[in-house]
file query35.cif (mmCIF, C-alpha atoms and all ligand atoms)
data_model
loop_
_atom_site.label_atom_id
_atom_site.label_comp_id
_atom_site.auth_asym_id
_atom_site.auth_seq_id
_atom_site.Cartn_x
_atom_site.Cartn_y
_atom_site.Cartn_z
CA MET O 1 194.26 132.06 237.07
CA ILE O 2 197.87 133.23 237.23
CA GLU O 3 199.72 132.82 240.52
CA VAL O 4 203.26 134.12 240.94
CA ILE O 5 205.81 132.91 243.48
CA THR O 6 208.66 135.41 243.67
CA GLY O 7 211.53 136.55 245.87
CA SER O 8 215.32 136.49 245.97
CA MET O 9 217.62 133.60 245.26
CA PHE O 10 217.58 130.88 247.94
CA SER O 11 214.11 131.99 249.08
CA GLY O 12 212.56 128.62 248.15
CA LYS O 13 210.63 129.59 245.00
CA THR O 14 211.25 126.31 243.17
CA SER O 15 210.47 124.32 246.35
CA GLU O 16 207.14 126.14 246.68
CA LEU O 17 206.38 125.58 242.98
CA ILE O 18 207.14 121.85 243.32
CA ARG O 19 205.03 121.67 246.51
CA GLN O 20 202.04 123.24 244.79
CA ILE O 21 202.37 121.04 241.70
CA ARG O 22 202.43 117.95 243.96
CA VAL O 23 199.27 119.12 245.70
CA VAL O 24 197.59 119.42 242.28
CA ARG O 25 198.66 115.88 241.35
CA ARG O 26 197.57 114.44 244.69
CA GLY O 27 194.16 115.87 243.84
CA GLY O 28 194.15 113.70 240.73
CA LYS O 29 194.82 116.48 238.24
CA GLN O 30 197.60 116.67 235.67
CA ALA O 31 200.33 119.26 235.84
CA ILE O 32 203.31 120.08 233.62
CA ILE O 33 206.32 122.19 234.63
CA PHE O 34 208.21 124.23 232.04
CA LYS O 35 211.50 126.03 232.34
CA PRO O 36 213.59 128.11 229.93
CA GLU O 37 216.37 126.26 228.14
CA ILE O 38 218.98 128.59 229.62
CA ASP O 39 218.47 127.05 233.05
CA ASN O 40 220.00 123.60 232.62
CA ARG O 41 222.46 124.03 235.47
CA TYR O 42 221.31 121.02 237.48
CA SER O 43 219.30 119.03 234.97
CA LYS O 44 217.82 119.35 231.49
CA ASP O 45 214.68 117.38 232.33
CA CYS O 46 213.93 118.47 235.89
CA VAL O 47 213.47 121.52 238.02
CA VAL O 48 215.78 121.06 240.97
CA THR O 49 215.82 122.95 244.26
CA HIS O 50 219.00 123.99 246.07
CA ASP O 51 218.26 121.05 248.43
CA LYS O 52 218.31 118.73 245.40
CA ASP O 53 214.60 117.97 245.49
CA GLU O 54 213.39 117.59 241.92
CA GLU O 55 210.39 117.19 239.67
CA LYS O 56 210.23 116.44 235.93
CA SER O 57 210.07 119.47 233.65
CA ILE O 58 210.18 120.38 229.97
CA SER O 59 212.86 122.83 228.79
CA VAL O 60 211.59 125.26 226.14
CA LYS O 61 213.44 127.74 223.92
CA ASN O 62 210.67 130.33 224.14
CA ALA O 63 207.16 130.83 225.44
CA CYS O 64 205.40 129.72 222.22
CA GLU O 65 206.96 126.29 222.61
CA ILE O 66 204.88 125.81 225.77
CA LEU O 67 201.75 125.71 223.61
CA LYS O 68 203.15 122.80 221.56
CA HIS O 69 203.55 120.67 224.66
CA LEU O 70 200.06 121.16 226.08
CA PRO O 71 197.81 118.09 225.84
CA LYS O 72 194.17 118.31 224.76
CA ASP O 73 192.92 118.03 228.32
CA LYS O 74 193.40 120.99 230.63
CA VAL O 75 196.42 120.72 232.85
CA VAL O 76 197.87 122.94 235.54
CA ILE O 77 200.91 124.73 234.13
CA GLY O 78 203.98 125.37 236.27
CA ILE O 79 206.77 127.67 235.07
CA ASP O 80 210.13 127.96 236.80
CA GLU O 81 212.79 130.68 236.33
CA ALA O 82 210.26 132.86 234.51
CA GLN O 83 212.61 135.86 234.61
CA PHE O 84 214.69 134.28 231.83
CA PHE O 85 211.80 134.22 229.33
CA ASP O 86 211.31 136.95 226.72
CA ASN O 87 208.28 139.27 226.52
CA SER O 88 206.18 136.74 224.62
CA LEU O 89 205.60 134.77 227.84
CA VAL O 90 203.30 137.54 229.06
CA ASP O 91 201.01 137.22 226.02
CA VAL O 92 201.11 133.42 226.04
CA LEU O 93 200.10 133.33 229.71
CA LYS O 94 197.37 135.95 229.22
CA GLU O 95 195.90 133.78 226.45
CA LEU O 96 196.11 130.55 228.49
CA ASN O 97 194.56 132.39 231.43
CA LYS O 98 191.66 133.42 229.19
CA GLN O 99 191.22 129.78 228.20
CA GLY O 100 190.85 128.87 231.86
CA TYR O 101 194.22 127.35 232.66
CA ARG O 102 195.63 127.57 236.16
CA ILE O 103 199.22 128.80 235.88
CA ILE O 104 201.76 128.83 238.70
CA VAL O 105 204.85 130.89 237.89
CA ALA O 106 208.08 131.09 239.90
CA GLY O 107 210.73 133.71 239.20
CA LEU O 108 213.24 136.20 240.57
CA ASP O 109 211.68 139.62 241.06
CA MET O 110 214.97 141.59 241.01
CA ASP O 111 218.31 141.19 239.31
CA TYR O 112 221.68 141.50 241.07
CA ASN O 113 221.42 145.32 240.91
CA GLN O 114 218.07 145.37 242.75
CA GLU O 115 216.32 146.28 239.50
CA PRO O 116 213.04 144.60 238.38
CA PHE O 117 214.00 141.49 236.39
CA GLY O 118 212.82 141.34 232.76
CA ILE O 119 209.18 140.35 232.40
CA MET O 120 208.62 139.73 236.12
CA PRO O 121 206.98 143.14 236.79
CA ALA O 122 204.46 142.40 234.01
CA LEU O 123 203.74 138.93 235.38
CA LEU O 124 203.29 140.30 238.90
CA ALA O 125 200.85 142.87 237.55
CA ILE O 126 198.59 140.34 235.82
CA ALA O 127 198.75 137.75 238.63
CA SER O 128 195.69 137.17 240.76
CA GLU O 129 197.89 135.95 243.58
CA VAL O 130 201.46 136.81 244.52
CA THR O 131 203.62 135.03 247.10
CA LYS O 132 206.81 136.86 247.95
CA LEU O 133 209.31 134.64 249.72
CA LYS O 134 212.41 135.72 251.58
CA ALA O 135 215.72 133.95 252.11
CA ILE O 136 218.03 133.79 255.10
CA CYS O 137 220.48 136.70 254.94
CA SER O 138 223.95 135.36 254.24
CA ILE O 139 225.47 138.12 256.38
CA CYS O 140 223.30 138.54 259.51
CA GLY O 141 221.30 135.29 259.40
CA GLU O 142 217.88 136.96 259.68
CA PRO O 143 215.16 135.32 257.54
CA ASN O 144 214.34 138.51 255.65
CA ALA O 145 216.73 138.61 252.68
CA MET O 146 215.03 139.97 249.56
CA TYR O 147 218.08 140.85 247.46
CA SER O 148 220.33 138.58 245.41
CA VAL O 149 223.82 140.00 245.06
CA ARG O 150 226.84 138.74 243.21
CA LYS O 151 229.90 137.44 244.93
CA THR O 152 231.97 138.50 241.91
CA ASP O 153 232.23 141.60 239.71
CA GLU O 154 230.55 140.07 236.62
CA THR O 155 228.19 142.60 235.04
CA GLU O 156 226.12 140.46 232.67
CA THR O 157 222.47 140.45 233.75
CA VAL O 158 222.18 136.75 233.14
CA LEU O 159 224.83 134.81 234.99
CA VAL O 160 223.46 131.41 235.77
CA GLY O 161 224.69 129.46 238.77
CA ALA O 162 223.64 129.65 242.40
CA ASP O 163 227.25 129.62 243.61
CA GLN O 164 227.75 133.08 242.06
CA TYR O 165 225.18 134.71 244.30
CA LYS O 166 224.21 135.28 247.89
CA ALA O 167 220.97 136.55 249.41
CA ILE O 168 221.11 139.54 251.71
CA CYS O 169 218.62 141.67 253.64
CA ALA O 170 217.96 145.40 253.19
CA ASN O 171 219.93 146.32 256.32
CA CYS O 172 223.04 144.47 255.23
CA LEU O 173 222.72 145.80 251.67
CA ASN O 174 222.61 149.36 253.02
CA LYS O 175 225.66 148.78 255.17
CA ALA O 176 227.52 147.20 252.26
CA THR O 177 226.81 150.12 249.90
CA LYS O 178 227.83 152.72 252.50
CA ASN O 179 231.30 151.17 252.84
ZN ZN O 201 221.27 140.83 256.85
#

call {"tool": "encode", "arguments": {"input": "query35.cif", "output": "structure tokens"}}
result
Amino acid sequence: MIEVITGSMFSGKTSELIRQIRVVRRGGKQAIIFKPEIDNRYSKDCVVTHDKDEEKSISVKNACEILKHLPKDKVVIGIDEAQFFDNSLVDVLKELNKQGYRIIVAGLDMDYNQEPFGIMPALLAIASEVTKLKAICSICGEPNAMYSVRKTDETETVLVGADQYKAICANCLNKATKN
């Protein structure tokens, strides 16, 4: 089963992933969290929320590396920052899904231009469950921000670092683009 937790930056995706993984472990089952190597901004060996809550994770260069780290016994697989993985993650997860793994994926659904982010549309399509979280709008304070926009004029798609971004709602985005 593939479950996807998505939404803008600061919407609590990693917190929700960590919460679900802890529920799995409290139930006496094993779980492993993976993240792409690109995302080592807070820690190489942990997924860390913006509130500095953390849980151990394994950094991998690509999706195939996930397979190398799986033990013989079935575990629940958590994946953070899925939008930074290449296409092969889709096939790897489809295969693990077929083998009966439960997979919980967290990732940004849109990039800073409000365009679908990398493989996320494909992951959302094959998910059996999707949770779309929203952040607090950094302009009006309403809890319905679904866009992550840049504070600077950088145009690279991948610019890692929470301090470079803010979450805003559709209303505020519309107002900002009219001006
Ligand atoms: Zn707003």

call {"tool": "closest_residue", "arguments": {"input": "query35.cif", "among": "O:Ser11, O:Asn144, O:Gln30, O:Thr6", "to": "ligand ZN 201 (chain O)", "atoms": "all atoms listed in the file"}}
result
O:Asn144

call {"tool": "atom_distance", "arguments": {"input": "query35.cif", "atom1": "atom CA of O:Asn62", "atom2": "atom CA of O:Leu124"}}
result
19.3 Å

call {"tool": "closest_residue", "arguments": {"input": "query35.cif", "among": "O:Ala63, O:His69, O:Gly12, O:Lys134", "to": "O:Leu89", "atoms": "all atoms listed in the file"}}
result
O:Ala63

call {"tool": "closest_atom_pairs", "arguments": {"input": "query35.cif", "of": "chain O", "to": "ligand ZN 201 (chain O)", "cutoff": "10 Å", "atoms": "all atoms listed in the file", "output": "JSON lines"}}
result
{"residue": "O:Ile136", "atom": "CA", "partner": "O:ZN201", "partner_atom": "ZN", "distance": 7.9}
{"residue": "O:Cys137", "atom": "CA", "partner": "O:ZN201", "partner_atom": "ZN", "distance": 4.6}
{"residue": "O:Ser138", "atom": "CA", "partner": "O:ZN201", "partner_atom": "ZN", "distance": 6.6}
{"residue": "O:Ile139", "atom": "CA", "partner": "O:ZN201", "partner_atom": "ZN", "distance": 5.0}
{"residue": "O:Cys140", "atom": "CA", "partner": "O:ZN201", "partner_atom": "ZN", "distance": 4.1}
{"residue": "O:Gly141", "atom": "CA", "partner": "O:ZN201", "partner_atom": "ZN", "distance": 6.1}
{"residue": "O:Glu142", "atom": "CA", "partner": "O:ZN201", "partner_atom": "ZN", "distance": 5.9}
{"residue": "O:Pro143", "atom": "CA", "partner": "O:ZN201", "partner_atom": "ZN", "distance": 8.3}
{"residue": "O:Asn144", "atom": "CA", "partner": "O:ZN201", "partner_atom": "ZN", "distance": 7.4}
{"residue": "O:Ala145", "atom": "CA", "partner": "O:ZN201", "partner_atom": "ZN", "distance": 6.6}
{"residue": "O:Met146", "atom": "CA", "partner": "O:ZN201", "partner_atom": "ZN", "distance": 9.6}
{"residue": "O:Tyr147", "atom": "CA", "partner": "O:ZN201", "partner_atom": "ZN", "distance": 9.9}
{"residue": "O:Ala167", "atom": "CA", "partner": "O:ZN201", "partner_atom": "ZN", "distance": 8.6}
{"residue": "O:Ile168", "atom": "CA", "partner": "O:ZN201", "partner_atom": "ZN", "distance": 5.3}
{"residue": "O:Cys169", "atom": "CA", "partner": "O:ZN201", "partner_atom": "ZN", "distance": 4.2}
{"residue": "O:Ala170", "atom": "CA", "partner": "O:ZN201", "partner_atom": "ZN", "distance": 6.7}
{"residue": "O:Asn171", "atom": "CA", "partner": "O:ZN201", "partner_atom": "ZN", "distance": 5.7}
{"residue": "O:Cys172", "atom": "CA", "partner": "O:ZN201", "partner_atom": "ZN", "distance": 4.4}
{"residue": "O:Leu173", "atom": "CA", "partner": "O:ZN201", "partner_atom": "ZN", "distance": 7.3}
{"residue": "O:Asn174", "atom": "CA", "partner": "O:ZN201", "partner_atom": "ZN", "distance": 9.4}
{"residue": "O:Lys175", "atom": "CA", "partner": "O:ZN201", "partner_atom": "ZN", "distance": 9.2}

call {"tool": "atom_distance", "arguments": {"input": "query35.cif", "atom1": "atom CA of O:Thr49", "atom2": "atom CA of O:Ser88"}}
result
25.9 Å

call {"tool": "atom_distance", "arguments": {"input": "query35.cif", "atom1": "atom CA of O:Ile5", "atom2": "atom CA of O:Gly107"}}
result
6.6 Å

call {"tool": "residues_around", "arguments": {"input": "query35.cif", "residues": "O:Ile18", "least_positions_apart": "4", "cutoff": "12 Å", "atoms": "only C-alpha atoms", "output": "VMD selection string"}}
result
chain O and resid 5 12 to 14 22 to 25 31 to 34 46 to 49 52 to 57 77 to 80 104 to 106

call {"tool": "write_last_selection", "arguments": {"input": "query35.cif", "atoms": "C-alpha atoms", "output": "PDB file, keeping the file's coordinate frame"}}
result
ATOM      1  CA  ILE O   5     205.810 132.910 243.480  1.00  0.00           C
ATOM      2  CA  GLY O  12     212.560 128.620 248.150  1.00  0.00           C
ATOM      3  CA  LYS O  13     210.630 129.590 245.000  1.00  0.00           C
ATOM      4  CA  THR O  14     211.250 126.310 243.170  1.00  0.00           C
ATOM      5  CA  ARG O  22     202.430 117.950 243.960  1.00  0.00           C
ATOM      6  CA  VAL O  23     199.270 119.120 245.700  1.00  0.00           C
ATOM      7  CA  VAL O  24     197.590 119.420 242.280  1.00  0.00           C
ATOM      8  CA  ARG O  25     198.660 115.880 241.350  1.00  0.00           C
ATOM      9  CA  ALA O  31     200.330 119.260 235.840  1.00  0.00           C
ATOM     10  CA  ILE O  32     203.310 120.080 233.620  1.00  0.00           C
ATOM     11  CA  ILE O  33     206.320 122.190 234.630  1.00  0.00           C
ATOM     12  CA  PHE O  34     208.210 124.230 232.040  1.00  0.00           C
ATOM     13  CA  CYS O  46     213.930 118.470 235.890  1.00  0.00           C
ATOM     14  CA  VAL O  47     213.470 121.520 238.020  1.00  0.00           C
ATOM     15  CA  VAL O  48     215.780 121.060 240.970  1.00  0.00           C
ATOM     16  CA  THR O  49     215.820 122.950 244.260  1.00  0.00           C
ATOM     17  CA  LYS O  52     218.310 118.730 245.400  1.00  0.00           C
ATOM     18  CA  ASP O  53     214.600 117.970 245.490  1.00  0.00           C
ATOM     19  CA  GLU O  54     213.390 117.590 241.920  1.00  0.00           C
ATOM     20  CA  GLU O  55     210.390 117.190 239.670  1.00  0.00           C
ATOM     21  CA  LYS O  56     210.230 116.440 235.930  1.00  0.00           C
ATOM     22  CA  SER O  57     210.070 119.470 233.650  1.00  0.00           C
ATOM     23  CA  ILE O  77     200.910 124.730 234.130  1.00  0.00           C
ATOM     24  CA  GLY O  78     203.980 125.370 236.270  1.00  0.00           C
ATOM     25  CA  ILE O  79     206.770 127.670 235.070  1.00  0.00           C
ATOM     26  CA  ASP O  80     210.130 127.960 236.800  1.00  0.00           C
ATOM     27  CA  ILE O 104     201.760 128.830 238.700  1.00  0.00           C
ATOM     28  CA  VAL O 105     204.850 130.890 237.890  1.00  0.00           C
ATOM     29  CA  ALA O 106     208.080 131.090 239.900  1.00  0.00           C
TER      30      ALA O 106
END

call {"tool": "closest_residue", "arguments": {"input": "query35.cif", "among": "O:Arg150, O:Lys35, O:Lys132, O:Lys74", "to": "O:Ser8", "atoms": "all atoms listed in the file"}}
result
O:Lys132

call {"tool": "closest_residue", "arguments": {"input": "query35.cif", "among": "O:Ile103, O:Leu96, O:Leu17, O:Ala176", "to": "O:Ser128", "atoms": "all atoms listed in the file"}}
result
O:Ile103

call {"tool": "residues_around", "arguments": {"input": "query35.cif", "residues": "O:Met9", "least_positions_apart": "4", "cutoff": "8 Å", "atoms": "only C-alpha atoms", "output": "list of chain:residue names"}}
result
O:Leu108, O:Ala135, O:Tyr147, O:Ser148, O:Ala162, O:Tyr165, O:Lys166, O:Ala167

call {"tool": "residues_near_point", "arguments": {"input": "query35.cif", "point": "(206.0, 137.7, 239.2)", "cutoff": "10 Å", "atoms": "all atoms listed in the file", "output": "VMD selection string"}}
result
chain O and resid 2 to 7 82 to 83 104 to 110 116 to 117 119 to 127 129 to 132

call {"tool": "residues_near_point", "arguments": {"input": "query35.cif", "point": "(216.1, 122.3, 228.2)", "cutoff": "6 Å", "atoms": "all atoms listed in the file", "output": "list in words"}}
result
Glu37, Lys44, Ser59 and Val60 of chain O

call {"tool": "closest_residue", "arguments": {"input": "query35.cif", "among": "O:Glu65, O:Asp163, O:Asp111, O:Asp91", "to": "O:Pro36", "atoms": "only C-alpha atoms"}}
result
O:Glu65

call {"tool": "axis_aligned_box", "arguments": {"input": "query35.cif", "around": "stretch 55-72 of chain O", "padding_each_side": "3 Å", "output": "JSON"}}
result
{"center_x": 203.8, "center_y": 123.6, "center_z": 230.6, "size_x": 25.3, "size_y": 20.4, "size_z": 24.1}

call {"tool": "closest_residue", "arguments": {"input": "query35.cif", "among": "O:Val75, O:Ile58, O:Lys68, O:Phe84", "to": "O:Asp45", "atoms": "all atoms listed in the file"}}
result
O:Ile58
